[in-house]
Each structure stands twice: as structure tokens, then as C-alpha cells.
>>> print(open('entry-v3.txt').read())   # compact mmCIF, C-alpha atoms
# COMPACT_ATOMS: atom_id res chain seq x y z
CA MET A 1 48.09 156.80 158.07
CA PRO A 2 51.73 155.69 157.65
CA ARG A 3 54.38 158.16 158.68
CA THR A 4 57.68 158.60 156.89
CA GLU A 5 60.87 160.36 157.91
CA GLN A 6 59.65 163.31 155.85
CA ASP A 7 56.53 163.47 158.03
CA MET A 8 58.62 163.57 161.20
CA ALA A 9 60.71 166.71 161.71
CA SER A 10 63.46 166.12 164.26
CA GLN A 11 64.52 168.86 166.62
CA PRO A 12 67.83 169.01 168.52
CA ASN A 13 66.23 168.23 171.93
CA GLY A 14 65.05 164.81 170.77
CA VAL A 15 61.48 165.99 170.28
CA HIS A 16 59.84 165.19 166.96
CA THR A 17 56.71 166.65 165.44
CA ILE A 18 54.19 164.34 163.85
CA ARG A 19 50.99 165.26 162.10
CA LEU A 20 47.82 163.37 163.01
CA GLY A 21 44.64 164.59 161.41
CA ASN A 22 45.07 168.31 161.04
CA GLN A 23 47.22 168.83 164.13
CA ASP A 24 50.93 168.71 164.85
CA PHE A 25 51.99 166.92 168.02
CA PRO A 26 55.40 166.98 169.72
CA VAL A 27 56.65 163.48 170.52
CA ARG A 28 59.85 161.98 171.86
CA ARG A 29 60.95 158.38 171.83
CA ILE A 30 61.17 156.76 175.27
CA GLN A 31 60.61 153.26 176.57
CA PHE A 32 57.50 152.18 178.43
CA LEU A 33 56.86 148.78 179.94
CA VAL A 34 53.99 147.21 178.01
CA ASP A 35 52.31 146.37 181.32
CA ASP A 36 52.23 150.10 182.15
CA LEU A 37 50.33 151.01 178.98
CA LYS A 38 46.56 151.38 178.97
CA LEU A 39 44.22 151.31 176.01
CA ASP A 40 41.96 154.34 175.81
CA PRO A 41 38.26 153.37 175.66
CA ALA A 42 37.56 156.85 174.22
CA ASN A 43 39.71 156.01 171.18
CA PRO A 44 37.46 156.11 168.10
CA ARG A 45 39.04 152.95 166.70
CA LEU A 46 37.90 151.01 169.73
CA GLY A 47 34.40 152.45 169.46
CA PHE A 48 33.08 149.81 167.08
CA LEU A 49 34.18 147.05 169.48
CA LEU A 50 32.61 148.74 172.48
CA ARG A 51 29.19 148.97 170.85
CA LYS A 52 28.80 145.26 171.60
CA LYS A 53 29.68 145.80 175.26
CA THR A 54 28.30 147.98 177.99
CA LEU A 55 30.63 150.74 179.04
CA PRO A 56 32.93 151.13 180.84
CA ALA A 57 35.33 148.47 179.64
CA THR A 58 38.40 147.58 181.66
CA ASP A 59 41.83 147.54 180.06
CA PRO A 60 41.99 143.70 180.08
CA GLU A 61 38.57 143.61 178.41
CA LEU A 62 39.71 146.06 175.72
CA GLN A 63 42.83 143.99 175.12
CA GLN A 64 40.76 140.81 174.80
CA LEU A 65 38.33 142.48 172.38
CA LEU A 66 41.25 143.40 170.13
CA TRP A 67 43.03 140.05 170.55
CA ASP A 68 39.88 138.23 169.42
CA LEU A 69 40.19 139.86 165.98
CA ASP A 70 41.91 137.72 163.34
CA PRO A 71 43.88 140.69 161.88
CA VAL A 72 45.41 141.28 165.32
CA LYS A 73 46.57 137.66 165.47
CA ASP A 74 48.02 138.11 161.96
CA LEU A 75 49.84 141.21 163.20
CA TYR A 76 51.23 139.14 166.06
CA GLN A 77 52.68 136.64 163.57
CA SER A 78 54.18 139.44 161.48
CA ILE A 79 55.81 141.11 164.48
CA TYR A 80 57.09 137.76 165.73
CA GLN A 81 58.58 136.91 162.33
CA ASN A 82 60.17 140.37 162.00
CA GLY A 83 61.65 140.20 165.48
CA GLY A 84 59.79 143.19 166.86
CA LEU A 85 57.85 146.30 166.06
CA ILE A 86 58.79 148.38 163.07
CA GLU A 87 56.71 151.37 164.13
CA ASP A 88 56.30 152.34 167.78
CA PRO A 89 52.89 153.04 169.29
CA ILE A 90 52.24 156.65 170.24
CA ILE A 91 51.66 157.00 173.96
CA HIS A 92 50.33 159.89 176.05
CA PRO A 93 52.55 160.88 179.00
CA ASP A 94 50.13 159.12 181.36
CA GLY A 95 50.59 155.79 179.52
CA ARG A 96 47.35 155.85 177.50
CA VAL A 97 47.81 154.60 173.94
CA ALA A 98 46.94 157.31 171.40
CA GLU A 99 47.90 155.32 168.29
CA GLY A 100 48.89 151.68 168.02
CA ASN A 101 46.30 149.81 170.08
CA CYS A 102 46.76 146.57 168.16
CA ARG A 103 50.57 146.81 168.30
CA THR A 104 50.34 147.35 172.04
CA VAL A 105 48.08 144.31 172.56
CA VAL A 106 50.26 142.13 170.36
CA ASN A 107 53.45 143.22 172.09
CA GLY A 108 51.87 142.35 175.43
CA LYS A 109 51.32 138.77 174.22
CA ARG A 110 55.02 138.23 173.45
>>> encode(input="entry-v3.txt", output="C-alpha cells")
Amino acid sequence: MPRTEQDMASQPNGVHTIRLGNQDFPVRRIQFLVDDLKLDPANPRLGFLLRKKTLPATDPELQQLLWDLDPVKDLYQSIYQNGGLIEDPIIHPDGRVAEGNCRTVVNGKR
């Protein structure tokens, strides 16, 4: 679901609140190295890909499963043509990707 500035309430300490599903989550914008990010095999959006594979899947295997999808390659072209990401992935403090798996994979290919 796309987020707008109206969806994101900024607080003075740099923490923002976003709504995913029926929950509010505090987030702050910081930089991570793409190589430090890990896709979460428990992510429901990766579930359909993992049905074809025996669990557990390694991070490189998850990345390859996503990269093999034509829409992910199209996203790569779009990000390349736009000069970067428009919307950041959402990352847990431990580096697991909560939202933006495809953007993370594509950014790792750049």
C-alpha cells in the first residue's frame, strides 16, 4: 500500500509513525549497506516463492528467487532510469527487510 506524507506523522526526534495493516510502527530514516540487509523468509510475500523450494532458504537463494521474476527486472530498469529509489525499504533494527524485498534485491544489483 503506497504511503503519502499524510500517512507519515513526523515527530521532533526524527521518528516517524507509519501504518501497516492495522498497526502503527515507529520508524526513523537511517542508512544501511545493502550487503548488510537480509530478506526475511517468514515474509508472507516471499511465501509463494518458497512453496517451490524446501525450507530453509538462504538469503542469496531468496534474492535469486526474486531476481528471476520479470517484474523485479522491470523495477531494476525503472530505478536505474530514475537514478535511485523513490521509496526506501523498511528495515528491522537487525537488518531484516520488513517491506521492500524487491527494492532491496534490485538495489543490490546496482
>>> residues_near_point(input="entry-v3.txt", point="(53.5, 155.2, 171.8)", cutoff="10 Å", atoms="only C-alpha atoms", output="VMD selection string")
chain A and resid 27 to 32 37 87 to 93 95 to 101 103 to 104
>>> residues_around(input="entry-v3.txt", residues="Leu50 (chain A)", least_positions_apart="6", cutoff="9 Å", atoms="only C-alpha atoms", output="list in words")
Pro41, Pro56, Ala57, Leu62 and Leu65 of chain A
>>> closest_residue(input="entry-v3.txt", among="A:Arg45, A:Ile86, A:Thr58, A:Val106", to="Asp70 (chain A)", atoms="all atoms listed in the file")
A:Val106
>>> closest_residue(input="entry-v3.txt", among="A:Leu39, A:Val34, A:Val105, A:Leu46", to="Trp67 (chain A)", atoms="all atoms listed in the file")
A:Val105
